[in-house]
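Heads up: the structure comes next, in structure tokens.
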Amino acid sequence: MKDASVYVGSCLKYADGNLGGSWVALNDFGSSEEFINHCHNLHKDELFPELDFQDWENIPCNLIGQHFINPIYWEIMEYQNIDHMAMYDYLNEMVESIANNETAHDLIQKMEERCQGEWSYFSDFVREQFDSLYEIPDFLESHIDWSSIEHEWSMEYTFTDNCYVFSQHS
């Protein structure tokens, strides 16, 4: 989420076939109000520009839409002591939608409760956790069906593109 940016156009320009706009880095602004004011200034040639977010990078899909960015984004970014990449994955892959009364603190707390850590492969996570739960004698090691265990555990855990593992349940 550190390098989040949005391509900001306007609906009027788009309707006229003009895709002109600008890439804007969200982290250059301390609040949604500052960001929106900047975007309106980009389209000050229109009396009441209706902003059109035509593309975006590094912002979770449930925090942005064609005409809005959830202000909670800037609240989350104020927290310096969190793993922002894990937060991105949590919001992008684990959270269906954000409740109106949910705060950045609530989301961060839930993410931290559910995040199991970062592994190169889901199989590494399964193996490490399994080994910590059970003592397996060496002679039985080759008889364990790891792919079956991974499949079962995939029902309880989500492995993200950025290699984080999240529990499905709090």
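Chain labels A, B, ... are given in the sequence in which chains occur in the structure tokens; within each chain residues are numbered consecutively from 1, and ligands are likewise numbered from 1 in the order shown.
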Next item on the list: Within 10 Å of stretch 13-20 of chain A, counting only C-alpha atoms, which residues show up once you throw out same-chain ones fewer than 4 positions away? Write them as a PyMOL selection string, please.
Entry: chain A and resi 7-9+43+46+49-52+54
Margin query: Set the distance at 8 Å and use only C-alpha atoms: which residues neighbour A:Thr158 once local chain neighbours fewer than 6 positions away are removed? I'd like the list as JSON, numbers by chain.
Written below: {"A": [164, 165, 166, 167, 168]}
Check: Quick one, how far is atom CA of A:Asp89 from atom CA of A:Asn37?
Finding: 28.4 Å
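With only C-alpha atoms taken into account, the protein and nucleic acid residues at most 12 Å from A:Ser120 (excluding it and anything under 2 positions from it in its own chain) are Gly117, Glu118, Phe122, Ser123, Asp124, Phe125, Val126, Phe159, Thr160, Asp161, Asn162, Cys163, Tyr164 and Val165 of chain A.
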Note to self: What's the separation between atom CA of A:Phe139 and atom CA of A:Trp153, in Å to one decimal place?
What the structure shows: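 A separation of 23.6 Å between them.
Going from atom CA of A:His84 to atom CA of A:His67 covers 24.0 Å.
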Item checked: Residue set, stretch 51-119 of chain A restricted to strand (DSSP E), as an MDAnalysis selection string -> chainID A and resid 51:57 115:118
Same residues, all heavy atoms, saved as an mmCIF file, in the first residue's frame:
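Here's the written file part.cif:
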```
data_model
loop_
_atom_site.group_PDB
_atom_site.id
_atom_site.type_symbol
_atom_site.label_atom_id
_atom_site.label_comp_id
_atom_site.auth_asym_id
_atom_site.auth_seq_id
_atom_site.Cartn_x
_atom_site.Cartn_y
_atom_site.Cartn_z
ATOM 1 N N LEU A 51 -15.070 13.098 -10.593
ATOM 2 C CA LEU A 51 -13.826 12.345 -10.719
ATOM 3 C C LEU A 51 -14.083 10.922 -11.173
ATOM 4 O O LEU A 51 -15.079 10.301 -10.794
ATOM 5 C CB LEU A 51 -13.078 12.351 -9.381
ATOM 6 C CG LEU A 51 -12.711 13.731 -8.864
ATOM 7 C CD1 LEU A 51 -12.050 13.610 -7.497
ATOM 8 C CD2 LEU A 51 -11.810 14.476 -9.840
ATOM 9 N N ASP A 52 -13.169 10.438 -11.986
ATOM 10 C CA ASP A 52 -13.270 9.095 -12.546
ATOM 11 C C ASP A 52 -11.919 8.406 -12.336
ATOM 12 O O ASP A 52 -10.931 8.772 -12.970
ATOM 13 C CB ASP A 52 -13.589 9.213 -14.043
ATOM 14 C CG ASP A 52 -13.854 7.884 -14.702
ATOM 15 O OD1 ASP A 52 -14.230 6.930 -13.995
ATOM 16 O OD2 ASP A 52 -13.686 7.799 -15.936
ATOM 17 N N PHE A 53 -11.880 7.445 -11.407
ATOM 18 C CA PHE A 53 -10.653 6.708 -11.137
ATOM 19 C C PHE A 53 -10.595 5.547 -12.118
ATOM 20 O O PHE A 53 -11.253 4.535 -11.945
ATOM 21 C CB PHE A 53 -10.612 6.241 -9.678
ATOM 22 C CG PHE A 53 -10.747 7.364 -8.690
ATOM 23 C CD1 PHE A 53 -11.558 7.243 -7.588
ATOM 24 C CD2 PHE A 53 -10.070 8.558 -8.874
ATOM 25 C CE1 PHE A 53 -11.684 8.279 -6.673
ATOM 26 C CE2 PHE A 53 -10.183 9.605 -7.974
ATOM 27 C CZ PHE A 53 -11.002 9.462 -6.871
ATOM 28 N N GLN A 54 -9.817 5.735 -13.176
ATOM 29 C CA GLN A 54 -9.825 4.820 -14.305
ATOM 30 C C GLN A 54 -8.888 3.632 -14.129
ATOM 31 O O GLN A 54 -9.066 2.609 -14.776
ATOM 32 C CB GLN A 54 -9.476 5.592 -15.580
ATOM 33 C CG GLN A 54 -10.492 6.667 -15.879
ATOM 34 C CD GLN A 54 -10.046 7.634 -16.966
ATOM 35 O OE1 GLN A 54 -8.945 7.545 -17.488
ATOM 36 N NE2 GLN A 54 -10.916 8.571 -17.288
ATOM 37 N N ASP A 55 -7.893 3.764 -13.260
ATOM 38 C CA ASP A 55 -6.956 2.677 -13.016
ATOM 39 C C ASP A 55 -6.297 2.941 -11.675
ATOM 40 O O ASP A 55 -6.272 4.085 -11.200
ATOM 41 C CB ASP A 55 -5.909 2.616 -14.126
ATOM 42 C CG ASP A 55 -5.164 1.289 -14.179
ATOM 43 O OD1 ASP A 55 -5.532 0.354 -13.431
ATOM 44 O OD2 ASP A 55 -4.199 1.189 -14.953
ATOM 45 N N TRP A 56 -5.769 1.898 -11.057
ATOM 46 C CA TRP A 56 -5.075 2.075 -9.786
ATOM 47 C C TRP A 56 -4.095 0.950 -9.561
ATOM 48 O O TRP A 56 -4.204 -0.107 -10.168
ATOM 49 C CB TRP A 56 -6.051 2.163 -8.607
ATOM 50 C CG TRP A 56 -7.093 1.091 -8.578
ATOM 51 C CD1 TRP A 56 -6.972 -0.180 -8.081
ATOM 52 C CD2 TRP A 56 -8.431 1.190 -9.055
ATOM 53 N NE1 TRP A 56 -8.145 -0.867 -8.220
ATOM 54 C CE2 TRP A 56 -9.071 -0.046 -8.824
ATOM 55 C CE3 TRP A 56 -9.156 2.221 -9.668
ATOM 56 C CZ2 TRP A 56 -10.381 -0.284 -9.168
ATOM 57 C CZ3 TRP A 56 -10.474 1.973 -10.013
ATOM 58 C CH2 TRP A 56 -11.065 0.724 -9.757
ATOM 59 N N GLU A 57 -3.120 1.240 -8.701
ATOM 60 C CA GLU A 57 -2.094 0.256 -8.345
ATOM 61 C C GLU A 57 -1.876 0.273 -6.847
ATOM 62 O O GLU A 57 -1.896 1.338 -6.214
ATOM 63 C CB GLU A 57 -0.767 0.609 -9.032
ATOM 64 C CG GLU A 57 -0.803 0.521 -10.530
ATOM 65 C CD GLU A 57 0.505 0.958 -11.179
ATOM 66 O OE1 GLU A 57 1.283 1.702 -10.541
ATOM 67 O OE2 GLU A 57 0.740 0.560 -12.324
ATOM 68 N N CYS A 115 -3.172 -13.063 10.679
ATOM 69 C CA CYS A 115 -1.943 -13.268 9.911
ATOM 70 C C CYS A 115 -1.041 -14.262 10.639
ATOM 71 O O CYS A 115 -0.663 -14.060 11.786
ATOM 72 C CB CYS A 115 -1.215 -11.949 9.703
ATOM 73 S SG CYS A 115 0.214 -12.107 8.608
ATOM 74 N N GLN A 116 -0.702 -15.327 9.946
ATOM 75 C CA GLN A 116 0.155 -16.368 10.500
ATOM 76 C C GLN A 116 1.626 -16.109 10.198
ATOM 77 O O GLN A 116 2.498 -16.712 10.797
ATOM 78 C CB GLN A 116 -0.251 -17.744 9.951
ATOM 79 C CG GLN A 116 -1.704 -18.097 10.196
ATOM 80 C CD GLN A 116 -2.023 -18.165 11.672
ATOM 81 O OE1 GLN A 116 -1.381 -18.899 12.421
ATOM 82 N NE2 GLN A 116 -3.004 -17.399 12.112
ATOM 83 N N GLY A 117 1.885 -15.255 9.220
ATOM 84 C CA GLY A 117 3.256 -14.946 8.837
ATOM 85 C C GLY A 117 3.438 -15.036 7.339
ATOM 86 O O GLY A 117 2.486 -15.116 6.576
ATOM 87 N N GLU A 118 4.693 -15.045 6.953
ATOM 88 C CA GLU A 118 5.061 -15.041 5.542
ATOM 89 C C GLU A 118 5.927 -16.264 5.247
ATOM 90 O O GLU A 118 6.890 -16.529 5.961
ATOM 91 C CB GLU A 118 5.841 -13.751 5.278
ATOM 92 C CG GLU A 118 6.139 -13.468 3.856
ATOM 93 C CD GLU A 118 6.854 -12.130 3.687
ATOM 94 O OE1 GLU A 118 7.200 -11.466 4.688
ATOM 95 O OE2 GLU A 118 7.086 -11.773 2.528
#
```
Notebook entry, point to check: Any idea what's packed within 12 Å of A:Ser170, counting only C-alpha atoms, ignoring anything in its chain fewer than 6 positions away? Could you give it as a list in words?
Noted result: Met94, Gln109, Lys110, Met111, Glu112, Glu113, Arg114, Cys115, Gln116, Glu156 and Tyr157 of chain A
Would you output that residue set with C-alpha atoms, as a short mmCIF file (atom, residue, chain, number, x, y, z; two decimals), in the first residue's frame?
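What landed in again_24.cif:
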```cif
data_model
loop_
_atom_site.label_atom_id
_atom_site.label_comp_id
_atom_site.auth_asym_id
_atom_site.auth_seq_id
_atom_site.Cartn_x
_atom_site.Cartn_y
_atom_site.Cartn_z
CA MET A 94 -9.71 -11.65 3.14
CA GLN A 109 -6.28 -5.72 14.88
CA LYS A 110 -8.18 -8.34 12.86
CA MET A 111 -5.36 -8.58 10.32
CA GLU A 112 -2.77 -9.08 13.05
CA GLU A 113 -4.92 -11.76 14.74
CA ARG A 114 -5.38 -13.70 11.50
CA CYS A 115 -1.94 -13.27 9.91
CA GLN A 116 0.15 -16.37 10.50
CA GLU A 156 -8.69 -23.13 7.02
CA TYR A 157 -5.97 -20.82 5.69
#
```
Next item on the list: Would you list, as a VMD selection string, the residues of stretch 55-126 of chain A that end up in alpha helix (DSSP H) under DSSP run on this structure's backbone?
Entry: chain A and resid 72 to 77 84 to 89 104 to 114 122 to 126
How would the residues just picked look written out with N, CA and C atoms as a short mmCIF file (atom, residue, chain, number, x, y, z; two decimals), in the first residue's frame?
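And here is the file that came out, result-v8.cif:
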```cif
data_model
loop_
_atom_site.label_atom_id
_atom_site.label_comp_id
_atom_site.auth_asym_id
_atom_site.auth_seq_id
_atom_site.Cartn_x
_atom_site.Cartn_y
_atom_site.Cartn_z
N ILE A 72 -10.68 5.37 4.88
CA ILE A 72 -9.97 4.52 5.84
C ILE A 72 -8.55 4.20 5.35
N TYR A 73 -8.33 4.31 4.04
CA TYR A 73 -6.98 4.08 3.48
C TYR A 73 -5.97 4.96 4.21
N TRP A 74 -6.26 6.27 4.33
CA TRP A 74 -5.32 7.20 4.95
C TRP A 74 -5.19 6.94 6.45
N GLU A 75 -6.26 6.49 7.07
CA GLU A 75 -6.19 6.14 8.49
C GLU A 75 -5.23 4.96 8.70
N ILE A 76 -5.32 3.96 7.84
CA ILE A 76 -4.44 2.80 7.93
C ILE A 76 -2.98 3.22 7.71
N MET A 77 -2.76 4.11 6.76
CA MET A 77 -1.40 4.53 6.44
C MET A 77 -0.74 5.31 7.58
N HIS A 84 2.54 -3.20 6.06
CA HIS A 84 1.57 -2.69 5.09
C HIS A 84 1.30 -3.67 3.96
N MET A 85 2.28 -4.49 3.61
CA MET A 85 2.06 -5.48 2.55
C MET A 85 1.08 -6.55 3.04
N ALA A 86 1.23 -6.98 4.28
CA ALA A 86 0.28 -7.95 4.86
C ALA A 86 -1.10 -7.31 4.94
N MET A 87 -1.15 -6.04 5.30
CA MET A 87 -2.44 -5.34 5.38
C MET A 87 -3.09 -5.28 4.01
N TYR A 88 -2.29 -5.00 2.97
CA TYR A 88 -2.81 -4.98 1.60
C TYR A 88 -3.44 -6.33 1.26
N ASP A 89 -2.69 -7.40 1.51
CA ASP A 89 -3.21 -8.74 1.21
C ASP A 89 -4.45 -9.06 2.01
N ALA A 104 -9.92 1.88 11.22
CA ALA A 104 -8.61 1.38 10.80
C ALA A 104 -8.03 0.49 11.90
N HIS A 105 -8.19 0.92 13.14
CA HIS A 105 -7.68 0.13 14.27
C HIS A 105 -8.32 -1.26 14.29
N ASP A 106 -9.64 -1.33 14.06
CA ASP A 106 -10.35 -2.62 14.03
C ASP A 106 -9.77 -3.52 12.95
N LEU A 107 -9.59 -2.97 11.75
CA LEU A 107 -9.07 -3.76 10.63
C LEU A 107 -7.65 -4.24 10.89
N ILE A 108 -6.83 -3.38 11.43
CA ILE A 108 -5.44 -3.75 11.73
C ILE A 108 -5.40 -4.84 12.79
N GLN A 109 -6.23 -4.70 13.81
CA GLN A 109 -6.28 -5.72 14.88
C GLN A 109 -6.71 -7.07 14.31
N LYS A 110 -7.73 -7.08 13.47
CA LYS A 110 -8.18 -8.34 12.86
C LYS A 110 -7.10 -8.95 11.97
N MET A 111 -6.43 -8.09 11.19
CA MET A 111 -5.36 -8.58 10.32
C MET A 111 -4.26 -9.22 11.15
N GLU A 112 -3.85 -8.55 12.22
CA GLU A 112 -2.77 -9.08 13.05
C GLU A 112 -3.17 -10.37 13.74
N GLU A 113 -4.44 -10.52 14.11
CA GLU A 113 -4.92 -11.76 14.74
C GLU A 113 -4.91 -12.92 13.75
N ARG A 114 -5.23 -12.64 12.49
CA ARG A 114 -5.38 -13.70 11.50
C ARG A 114 -4.11 -14.00 10.72
N PHE A 122 3.03 -22.28 0.47
CA PHE A 122 2.06 -22.75 1.45
C PHE A 122 2.52 -24.07 2.06
N SER A 123 3.17 -24.89 1.26
CA SER A 123 3.66 -26.18 1.76
C SER A 123 4.67 -25.98 2.89
N ASP A 124 5.47 -24.91 2.81
CA ASP A 124 6.43 -24.62 3.89
C ASP A 124 5.69 -24.31 5.19
N PHE A 125 4.63 -23.52 5.08
CA PHE A 125 3.82 -23.19 6.25
C PHE A 125 3.22 -24.45 6.85
N VAL A 126 2.61 -25.28 6.01
CA VAL A 126 1.94 -26.50 6.48
C VAL A 126 2.95 -27.41 7.18
#
```
Next item on the list: Rank nothing, just name the residue among A:Glu150, A:Asp45, A:Glu33, A:Glu102 nearest to A:Arg127, using only C-alpha atoms.
Entry: A:Glu150
